[in-house]
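J.: I am sharing model-v7.cif, which consists of mmCIF, C-alpha atoms:
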```cif
data_model
loop_
_atom_site.label_atom_id
_atom_site.label_comp_id
_atom_site.auth_asym_id
_atom_site.auth_seq_id
_atom_site.Cartn_x
_atom_site.Cartn_y
_atom_site.Cartn_z
CA MET A 7 -10.25 5.70 11.58
CA GLY A 8 -13.91 5.13 10.77
CA ASN A 9 -14.67 8.84 10.56
CA MET A 10 -12.29 9.12 7.62
CA VAL A 11 -15.17 8.17 5.31
CA LEU A 12 -16.78 11.56 6.02
CA SER A 13 -16.22 14.41 3.66
CA PHE A 14 -14.33 17.44 4.89
CA SER A 15 -17.49 19.55 5.06
CA GLU A 16 -19.33 16.81 6.94
CA ALA A 17 -16.47 16.42 9.37
CA PHE A 18 -16.56 20.09 10.36
CA LYS A 19 -20.31 20.62 10.01
CA LYS A 20 -19.82 24.05 8.48
CA ALA A 21 -22.15 24.97 5.66
CA PRO A 22 -21.43 28.13 3.69
CA SER A 23 -23.48 31.12 4.73
CA PRO A 24 -26.31 31.85 2.24
CA ASP A 25 -25.78 35.57 2.85
CA ARG A 26 -22.13 35.45 1.83
CA PRO A 27 -21.62 36.50 -1.84
CA LEU A 28 -19.59 34.30 -4.14
CA GLY A 29 -15.99 35.39 -4.55
CA LEU A 30 -12.44 34.27 -3.96
CA PRO A 31 -12.13 31.53 -1.33
CA ARG A 32 -10.23 32.39 1.81
CA ILE A 33 -8.23 29.15 1.55
CA THR A 34 -5.62 29.35 -1.20
CA LEU A 35 -3.63 26.66 -2.96
CA ARG A 36 -0.51 27.96 -1.21
CA HIS A 37 -2.20 27.29 2.15
CA LEU A 38 -2.84 23.70 1.15
CA VAL A 39 0.60 23.03 -0.36
CA TYR A 40 2.36 24.35 2.74
CA PHE A 41 0.01 22.40 5.03
CA VAL A 42 0.54 19.11 3.15
CA ALA A 43 4.33 19.57 3.20
CA ALA A 44 4.23 20.17 6.96
CA ALA A 45 2.09 17.07 7.48
CA ARG A 46 4.35 14.94 5.29
CA ASN A 47 7.52 16.09 7.06
CA GLU A 48 5.96 16.43 10.54
CA SER A 49 7.94 19.65 10.80
CA ALA A 50 7.58 23.24 9.60
CA LEU A 51 11.36 23.49 9.26
CA ARG A 52 11.69 20.39 7.06
CA ALA A 53 8.66 21.47 5.02
CA ALA A 54 10.29 24.88 4.45
CA GLN A 55 13.52 23.21 3.31
CA GLU A 56 11.61 20.96 0.91
CA LEU A 57 9.69 23.86 -0.65
CA ASN A 58 12.60 26.33 -0.45
CA VAL A 59 10.63 28.86 1.59
CA SER A 60 11.08 30.27 5.09
CA PRO A 61 9.79 28.36 8.15
CA PRO A 62 7.59 31.35 9.15
CA ALA A 63 5.85 31.03 5.79
CA ILE A 64 4.89 27.44 6.62
CA SER A 65 3.83 28.31 10.18
CA GLY A 66 1.86 31.30 8.91
CA ALA A 67 -0.03 29.19 6.38
CA ILE A 68 -0.95 26.65 9.05
CA ALA A 69 -2.05 29.37 11.46
CA GLY A 70 -4.10 30.96 8.69
CA LEU A 71 -5.86 27.69 7.90
CA GLU A 72 -6.61 27.08 11.57
CA ALA A 73 -8.04 30.60 11.90
CA ILE A 74 -10.24 30.17 8.81
CA LEU A 75 -11.51 26.73 9.79
CA GLY A 76 -11.71 27.35 13.53
CA VAL A 77 -9.97 24.10 14.39
CA SER A 78 -6.48 22.92 15.34
CA LEU A 79 -4.80 20.99 12.56
CA PHE A 80 -1.68 19.93 14.44
CA VAL A 81 -0.62 19.11 17.95
CA ARG A 82 2.77 20.75 18.51
CA ARG A 83 5.07 18.36 20.35
CA HIS A 84 8.71 19.17 20.90
CA ALA A 85 9.90 15.56 20.62
CA ARG A 86 7.66 14.41 17.74
CA GLY A 87 7.22 17.68 15.90
CA LEU A 88 3.86 18.31 14.23
CA VAL A 89 1.25 15.60 14.81
CA LEU A 90 -2.02 15.80 12.88
CA THR A 91 -5.27 16.10 14.78
CA ASP A 92 -8.44 14.38 13.53
CA ALA A 93 -9.39 17.63 11.80
CA GLY A 94 -5.91 17.75 10.25
CA GLN A 95 -6.31 14.19 8.94
CA HIS A 96 -9.56 15.15 7.23
CA LEU A 97 -8.02 18.23 5.67
CA LEU A 98 -4.92 16.33 4.55
CA PHE A 99 -7.01 13.86 2.61
CA GLU A 100 -8.91 16.61 0.80
CA ALA A 101 -5.88 18.86 0.31
CA ARG A 102 -3.76 16.18 -1.36
CA ASP A 103 -6.63 15.43 -3.72
CA ILE A 104 -7.07 19.11 -4.64
CA ILE A 105 -3.35 19.61 -5.23
CA SER A 106 -3.18 16.47 -7.39
CA ARG A 107 -6.03 17.73 -9.57
CA VAL A 108 -4.38 21.11 -10.02
CA TRP A 109 -1.11 19.43 -11.05
CA GLU A 110 -3.01 17.41 -13.65
CA ILE A 111 -4.63 20.52 -15.09
CA ASP A 112 -1.32 22.36 -15.14
CA SER A 113 0.55 19.48 -16.77
CA SER A 114 -2.08 18.85 -19.45
CA HIS A 115 -1.93 22.37 -20.92
CA PRO A 116 -1.46 21.91 -24.70
CA ASN A 117 1.10 24.73 -24.96
CA ARG A 118 3.31 23.43 -22.15
CA SER A 119 6.61 22.25 -23.60
CA LYS A 120 7.78 20.63 -20.38
CA PRO A 121 5.38 18.78 -18.04
CA GLN A 122 5.23 19.90 -14.43
CA ARG A 123 6.59 17.56 -11.82
CA SER A 124 4.06 15.61 -9.80
CA ARG A 125 4.33 12.81 -7.27
CA ILE A 126 2.73 9.57 -6.21
CA ALA A 127 3.21 7.76 -2.90
CA ILE A 128 2.92 3.97 -2.85
CA GLY A 129 3.15 1.25 -0.23
CA CYS A 130 3.88 -2.44 -0.66
CA LEU A 131 4.01 -5.54 1.50
CA GLY A 132 7.58 -6.16 2.55
CA ASP A 133 7.77 -9.73 1.20
CA ILE A 134 6.38 -8.69 -2.18
CA ALA A 135 8.31 -5.45 -2.63
CA PRO A 136 11.65 -6.91 -3.84
CA ASN A 137 9.88 -8.60 -6.76
CA LEU A 138 7.42 -5.84 -7.64
CA VAL A 139 8.82 -2.43 -6.72
CA PRO A 140 12.20 -2.32 -8.59
CA PRO A 141 10.90 -3.42 -12.03
CA LEU A 142 7.75 -1.31 -11.63
CA LEU A 143 9.66 1.84 -10.69
CA GLN A 144 12.20 1.30 -13.45
CA LYS A 145 9.50 0.98 -16.10
CA PHE A 146 7.33 3.78 -14.73
CA GLN A 147 10.13 6.32 -14.40
CA SER A 148 11.28 5.61 -17.95
CA LEU A 149 7.78 6.49 -19.17
CA TYR A 150 7.04 9.30 -16.69
CA PRO A 151 10.35 10.97 -15.75
CA HIS A 152 8.50 14.05 -14.43
CA VAL A 153 6.67 12.02 -11.74
CA GLU A 154 8.39 11.58 -8.38
CA VAL A 155 7.58 8.21 -6.83
CA THR A 156 8.01 7.72 -3.09
CA TRP A 157 7.54 4.26 -1.66
CA GLN A 158 7.58 2.40 1.63
CA THR A 159 7.16 -1.20 2.75
CA ASP A 160 5.29 -2.57 5.73
CA THR A 161 2.71 -5.15 6.77
CA HIS A 162 -1.00 -5.14 5.96
CA PHE A 163 -2.43 -3.05 8.81
CA PRO A 164 0.03 -0.10 8.72
CA LEU A 165 -0.30 0.19 4.94
CA MET A 166 -4.10 0.22 5.19
CA GLN A 167 -3.98 2.88 7.87
CA ARG A 168 -1.68 5.16 5.85
CA LEU A 169 -3.93 4.73 2.83
CA GLU A 170 -6.97 5.76 4.87
CA GLU A 171 -5.06 8.73 6.28
CA GLY A 172 -4.24 9.90 2.77
CA MET A 173 -0.49 9.46 3.22
CA LEU A 174 -0.35 6.85 0.44
CA ASP A 175 -2.06 6.96 -2.95
CA VAL A 176 -1.82 3.25 -3.79
CA ILE A 177 -0.88 0.17 -1.79
CA PHE A 178 -0.04 -3.32 -3.05
CA VAL A 179 -1.27 -6.05 -0.71
CA MET A 180 -3.00 -9.43 -0.73
CA ASP A 181 -6.80 -9.33 -0.87
CA PHE A 182 -7.32 -10.36 2.75
CA GLU A 183 -10.28 -8.64 4.48
CA ILE A 184 -10.27 -5.43 2.47
CA SER A 185 -13.02 -2.95 3.27
CA PRO A 186 -15.72 -2.49 0.60
CA THR A 187 -15.12 1.26 0.91
CA LEU A 188 -11.81 0.77 -0.92
CA HIS A 189 -11.25 0.41 -4.66
CA VAL A 190 -9.47 -2.84 -5.52
CA THR A 191 -7.73 -3.73 -8.78
CA VAL A 192 -6.61 -7.35 -9.12
CA LEU A 193 -3.05 -7.47 -10.47
CA LYS A 194 -2.39 -11.20 -10.43
CA PRO A 195 -3.81 -14.39 -8.90
CA THR A 196 -1.44 -15.83 -6.31
CA PRO A 197 -2.51 -19.45 -5.73
CA VAL A 198 -1.23 -20.95 -2.51
CA ARG A 199 1.41 -23.63 -2.90
CA CYS A 200 2.86 -26.23 -0.59
CA VAL A 201 6.60 -25.57 -0.27
CA LEU A 202 8.74 -28.68 0.09
CA PRO A 203 12.43 -29.58 -0.20
CA THR A 204 13.08 -30.96 -3.69
CA GLY A 205 14.12 -34.29 -2.16
CA HIS A 206 10.80 -34.78 -0.35
CA PRO A 207 8.79 -37.83 -1.55
CA LEU A 208 5.72 -35.64 -2.20
CA ALA A 209 7.55 -32.94 -4.14
CA ARG A 210 6.56 -34.28 -7.56
CA GLY A 211 2.91 -33.38 -7.88
CA PRO A 212 -0.25 -32.14 -6.16
CA VAL A 213 0.01 -32.54 -2.39
CA SER A 214 -2.58 -33.64 0.14
CA LEU A 215 -2.00 -31.66 3.34
CA LYS A 216 -3.41 -34.64 5.23
CA ASP A 217 -0.31 -36.61 4.21
CA LEU A 218 1.84 -33.92 5.82
CA ALA A 219 -0.17 -33.53 9.04
CA ASP A 220 2.51 -35.05 11.29
CA GLU A 221 5.48 -33.31 9.65
CA PRO A 222 6.92 -30.04 11.02
CA PHE A 223 5.17 -27.01 9.55
CA ILE A 224 6.94 -23.65 9.10
CA LEU A 225 4.37 -20.87 9.50
CA LEU A 226 4.84 -17.50 7.81
CA ASP A 227 3.95 -15.45 10.89
CA ILE A 228 2.63 -12.25 9.31
CA ALA A 229 -0.78 -10.80 10.19
CA LYS A 230 -3.54 -11.71 7.71
CA THR A 231 -1.23 -14.06 5.78
CA ARG A 232 -0.87 -16.24 8.89
CA ASP A 233 -4.66 -16.38 9.37
CA TYR A 234 -5.19 -17.22 5.69
CA PHE A 235 -2.79 -20.17 5.76
CA LEU A 236 -4.24 -21.55 8.99
CA SER A 237 -7.74 -21.26 7.54
CA ILE A 238 -6.70 -23.54 4.67
CA PHE A 239 -5.93 -26.30 7.17
CA GLY A 240 -9.16 -25.55 9.05
CA ASP A 241 -11.26 -25.77 5.89
CA LEU A 242 -9.81 -29.24 5.30
CA GLY A 243 -10.43 -30.28 8.92
CA LEU A 244 -6.71 -30.41 9.68
CA GLN A 245 -4.41 -29.03 12.36
CA PRO A 246 -0.80 -28.31 11.27
CA ASN A 247 2.13 -29.36 13.43
CA ILE A 248 3.65 -25.88 13.79
CA ALA A 249 7.35 -26.35 14.51
CA THR A 250 8.72 -22.92 13.52
CA ARG A 251 7.33 -19.42 12.94
CA ALA A 252 9.20 -17.34 10.36
CA PRO A 253 8.92 -13.54 10.01
CA SER A 254 9.39 -13.43 6.23
CA ALA A 255 8.81 -15.50 3.11
CA GLU A 256 12.53 -15.54 2.40
CA MET A 257 13.17 -17.09 5.82
CA VAL A 258 10.46 -19.66 5.10
CA ARG A 259 12.15 -20.61 1.83
CA SER A 260 15.53 -20.87 3.52
CA LEU A 261 14.21 -23.09 6.32
CA VAL A 262 12.42 -25.38 3.88
CA ALA A 263 15.50 -25.65 1.65
CA SER A 264 17.53 -26.61 4.73
CA GLY A 265 15.15 -29.43 5.62
CA PHE A 266 13.42 -27.96 8.69
CA GLY A 267 9.93 -28.76 7.42
CA TYR A 268 7.35 -27.74 4.86
CA SER A 269 5.30 -24.58 4.49
CA LEU A 270 2.64 -22.73 2.50
CA LEU A 271 3.28 -19.66 0.37
CA ASN A 272 1.14 -17.77 -2.10
CA PHE A 273 3.90 -15.57 -3.49
CA CYS A 274 6.36 -18.00 -4.99
CA THR A 275 9.62 -17.15 -6.70
CA THR A 276 12.33 -19.18 -8.40
CA GLU A 277 15.19 -17.39 -6.67
CA ARG A 278 16.01 -20.14 -4.17
CA ARG A 279 16.96 -23.64 -5.30
CA ASN A 280 16.32 -26.92 -3.51
CA ILE A 281 12.62 -26.20 -2.96
CA ALA A 282 9.50 -27.14 -4.93
CA TYR A 283 6.13 -25.39 -5.06
CA CYS A 284 3.36 -27.97 -5.30
CA PRO A 285 -0.38 -27.46 -5.87
CA ILE A 286 -2.63 -28.48 -2.98
CA GLU A 287 -5.34 -31.11 -3.37
CA GLY A 288 -8.85 -30.11 -2.35
CA PRO A 289 -10.70 -26.78 -2.29
CA VAL A 290 -8.45 -23.84 -1.44
CA ARG A 291 -9.65 -20.24 -1.34
CA GLN A 292 -7.99 -18.16 -4.06
CA SER A 293 -5.79 -15.22 -3.09
CA ASN A 294 -4.78 -12.31 -5.30
CA LEU A 295 -2.21 -9.54 -5.32
CA VAL A 296 -4.19 -6.30 -5.56
CA ALA A 297 -3.71 -2.57 -5.85
CA VAL A 298 -5.87 -0.67 -3.37
CA ARG A 299 -6.98 2.97 -3.52
CA GLN A 300 -9.56 5.13 -1.82
CA TYR A 301 -13.00 5.16 -3.45
CA ARG A 302 -13.81 8.65 -2.23
CA ARG A 303 -10.64 10.12 -3.65
CA ARG A 304 -10.80 10.88 -7.35
CA PRO A 305 -8.05 8.80 -9.00
CA SER A 306 -5.49 10.90 -10.82
CA LYS A 307 -4.23 9.99 -14.26
CA VAL A 308 -0.84 9.28 -12.69
CA SER A 309 -2.28 6.76 -10.22
CA ASN A 310 -4.40 5.12 -12.93
CA ASP A 311 -1.37 4.77 -15.20
CA PHE A 312 0.72 3.46 -12.32
CA VAL A 313 -1.79 0.73 -11.43
CA GLN A 314 -2.23 -0.29 -15.07
CA LEU A 315 1.53 -0.55 -15.48
CA ALA A 316 1.76 -2.61 -12.27
CA ALA A 317 -0.75 -5.08 -13.71
CA THR A 318 1.30 -5.32 -16.91
CA VAL A 319 4.55 -5.87 -15.00
CA MET A 320 3.00 -8.57 -12.81
CA LYS A 321 1.47 -10.46 -15.74
CA ARG A 322 4.95 -10.86 -17.22
CA MET A 323 6.25 -12.46 -14.03
CA SER A 324 5.97 -16.16 -13.22
CA ILE A 325 5.41 -15.39 -9.53
CA GLY A 326 2.74 -17.63 -8.09
CA GLU A 327 2.87 -19.96 -11.07
CA THR A 328 6.17 -21.72 -10.45
CA PRO A 329 5.97 -25.25 -11.92
CA VAL A 330 6.77 -28.39 -9.98
CA PRO A 331 10.23 -29.73 -10.93
CA ALA A 332 10.07 -32.50 -13.52
#
```
Step by step, read the file and then write its structure as structure tokens.
T.:
Amino acid sequence: MGNMVLSFSEAFKKAPSPDRPLGLPRITLRHLVYFVAAARNESALRAAQELNVSPPAISGAIAGLEAILGVSLFVRRHARGLVLTDAGQHLLFEARDIISRVWEIDSSHPNRSKPQRSRIAIGCLGDIAPNLVPPLLQKFQSLYPHVEVTWQTDTHFPLMQRLEEGMLDVIFVMDFEISPTLHVTVLKPTPVRCVLPTGHPLARGPVSLKDLADEPFILLDIAKTRDYFLSIFGDLGLQPNIATRAPSAEMVRSLVASGFGYSLLNFCTTERRNIAYCPIEGPVRQSNLVAVRQYRRRPSKVSNDFVQLAATVMKRMSIGETPVPA
């Protein structure tokens, strides 16, 4: 996906002819809206149903764009429907940005009594989503009822890829190995904690991982998060005794509460009893929950407001700051 950093004009290497007089562009907003709907639905039929137009109108707009640009935007596959080509990915990124800007202009008209509907697509790490997405959506939709919010959950890599492809406007992830080409807003520090059963002898204060070296360790086995936790042991010159690998933070908490071992988490909640979150002795690299957007895509007012509200919602939560039981 490295070529996604190119602009649309760079990607197609087509400069406007100096002999061509200025006038109406051949590509219209209708072309772009129909194209984006087809890309989002991976189907001309579903796009037509969403926009309440005929399927030939969608197909005609796509064919018109391909004729104007001289490239194929989709691969037509019977089983998978419409699959974007590299050229289609480039156009999708630019088209969604153009449409978003037009919506903003239309909605900000001083004489408009009712704001036009717009949309924002977000992605969130699966383990974080239950704590962040519901309160954020509830607050945002009460303030912006005209904005349609679509959301999805996944792990780090798929969310990053969809952001680069322009399918998502904002993603909420941990700040692990994020490209400098992306715009990052820190929402909340998430210091790593040692997770122990409340009856454990070390569950009353800061914990030295060296004292736990021989005890069974429950590893949260999620890409990036897994590497981060293992690096903490490595930085301290330790090797954990990995007894169990868990696919989710909730499973980690359940296993620790049931006495199967200890673990590390950097997104701590108070929902499960019988566990304690203890600070770790020694130098530990800080982690943060962040909102990530594309640098090269002009942020809309909606996305700016959404990220600012997310920061406000997270600051009011005690996640990551759970005290050790007295």
J.: Given all atoms listed in the file as the basis, pick out the residue of A:Ala229, A:Ile224, A:Leu57, A:Leu215 nearest to Leu242 in chain A.
T.: A:Leu215
J.: Please evaluate the PyMOL selection byres ((chain A and resi 222) around 8) against the structure above and give the resulting residues as a ChimeraX atom specification.
T.: /A:220-221,223-224,246-250,266-268
J.: Just give me the gap between CA of Thr231 in chain A and CA of Leu174 in chain A in Å, one decimal is fine.
T.: 21.6 Å
J.: Please determine, counting all atoms listed in the file, which residue among A:Leu225, A:Met166, A:Val298, A:Val39 has the shortest atom-to-atom distance to Val108 in chain A.
T.: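 Checking each candidate against Val108 in chain A, we get A:Val39 as the closest.
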J.: List the residues selected by the PyMOL selection byres ((chain A and resi 234-237) around 12) in the file shown, writing them as a ChimeraX atom specification.
T.: /A:180-183,197-200,215,223-233,238-248,269-272,289-293
J.: Could range 190-207 of chain A be completed with N, CA and C atoms and written as a PDB file, keeping the file's coordinate frame, please?
T.:
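Now in rebuild-v1.pdb:
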```pdb
ATOM      1  N   VAL A 190     -10.443  -1.757  -5.368  1.00  0.00           N
ATOM      2  CA  VAL A 190      -9.470  -2.840  -5.520  1.00  0.00           C
ATOM      3  C   VAL A 190      -9.300  -3.202  -6.991  1.00  0.00           C
ATOM      4  N   THR A 191      -8.057  -3.264  -7.434  1.00  0.00           N
ATOM      5  CA  THR A 191      -7.730  -3.730  -8.780  1.00  0.00           C
ATOM      6  C   THR A 191      -6.871  -4.987  -8.656  1.00  0.00           C
ATOM      7  N   VAL A 192      -7.365  -6.093  -9.187  1.00  0.00           N
ATOM      8  CA  VAL A 192      -6.610  -7.350  -9.120  1.00  0.00           C
ATOM      9  C   VAL A 192      -5.449  -7.279 -10.121  1.00  0.00           C
ATOM     10  N   LEU A 193      -4.243  -7.482  -9.613  1.00  0.00           N
ATOM     11  CA  LEU A 193      -3.050  -7.470 -10.470  1.00  0.00           C
ATOM     12  C   LEU A 193      -2.685  -8.857 -10.952  1.00  0.00           C
ATOM     13  N   LYS A 194      -2.815  -9.845 -10.048  1.00  0.00           N
ATOM     14  CA  LYS A 194      -2.390 -11.200 -10.430  1.00  0.00           C
ATOM     15  C   LYS A 194      -2.907 -12.207  -9.396  1.00  0.00           C
ATOM     16  N   PRO A 195      -3.476 -13.313  -9.843  1.00  0.00           N
ATOM     17  CA  PRO A 195      -3.810 -14.390  -8.900  1.00  0.00           C
ATOM     18  C   PRO A 195      -2.528 -14.946  -8.276  1.00  0.00           C
ATOM     19  N   THR A 196      -2.598 -15.262  -7.005  1.00  0.00           N
ATOM     20  CA  THR A 196      -1.440 -15.830  -6.310  1.00  0.00           C
ATOM     21  C   THR A 196      -1.872 -17.114  -5.596  1.00  0.00           C
ATOM     22  N   PRO A 197      -2.044 -18.197  -6.340  1.00  0.00           N
ATOM     23  CA  PRO A 197      -2.510 -19.450  -5.730  1.00  0.00           C
ATOM     24  C   PRO A 197      -1.536 -19.964  -4.685  1.00  0.00           C
ATOM     25  N   VAL A 198      -2.085 -20.440  -3.577  1.00  0.00           N
ATOM     26  CA  VAL A 198      -1.230 -20.950  -2.510  1.00  0.00           C
ATOM     27  C   VAL A 198      -0.588 -22.254  -2.954  1.00  0.00           C
ATOM     28  N   ARG A 199       0.653 -22.420  -2.562  1.00  0.00           N
ATOM     29  CA  ARG A 199       1.410 -23.630  -2.900  1.00  0.00           C
ATOM     30  C   ARG A 199       2.006 -24.229  -1.628  1.00  0.00           C
ATOM     31  N   CYS A 200       2.139 -25.536  -1.656  1.00  0.00           N
ATOM     32  CA  CYS A 200       2.860 -26.230  -0.590  1.00  0.00           C
ATOM     33  C   CYS A 200       4.344 -26.196  -0.949  1.00  0.00           C
ATOM     34  N   VAL A 201       5.166 -25.724  -0.023  1.00  0.00           N
ATOM     35  CA  VAL A 201       6.600 -25.570  -0.270  1.00  0.00           C
ATOM     36  C   VAL A 201       7.339 -26.719   0.404  1.00  0.00           C
ATOM     37  N   LEU A 202       8.042 -27.493  -0.404  1.00  0.00           N
ATOM     38  CA  LEU A 202       8.740 -28.680   0.090  1.00  0.00           C
ATOM     39  C   LEU A 202      10.178 -28.691  -0.396  1.00  0.00           C
ATOM     40  N   PRO A 203      11.080 -29.359   0.339  1.00  0.00           N
ATOM     41  CA  PRO A 203      12.430 -29.580  -0.200  1.00  0.00           C
ATOM     42  C   PRO A 203      12.318 -30.444  -1.460  1.00  0.00           C
ATOM     43  N   THR A 204      13.174 -30.212  -2.429  1.00  0.00           N
ATOM     44  CA  THR A 204      13.080 -30.960  -3.690  1.00  0.00           C
ATOM     45  C   THR A 204      13.251 -32.464  -3.491  1.00  0.00           C
ATOM     46  N   GLY A 205      13.930 -32.875  -2.412  1.00  0.00           N
ATOM     47  CA  GLY A 205      14.120 -34.290  -2.160  1.00  0.00           C
ATOM     48  C   GLY A 205      12.970 -34.954  -1.426  1.00  0.00           C
ATOM     49  N   HIS A 206      11.932 -34.218  -1.089  1.00  0.00           N
ATOM     50  CA  HIS A 206      10.800 -34.780  -0.350  1.00  0.00           C
ATOM     51  C   HIS A 206      10.015 -35.735  -1.258  1.00  0.00           C
ATOM     52  N   PRO A 207       9.516 -36.860  -0.717  1.00  0.00           N
ATOM     53  CA  PRO A 207       8.790 -37.830  -1.550  1.00  0.00           C
ATOM     54  C   PRO A 207       7.536 -37.271  -2.219  1.00  0.00           C
TER      55      PRO A 207
END
```
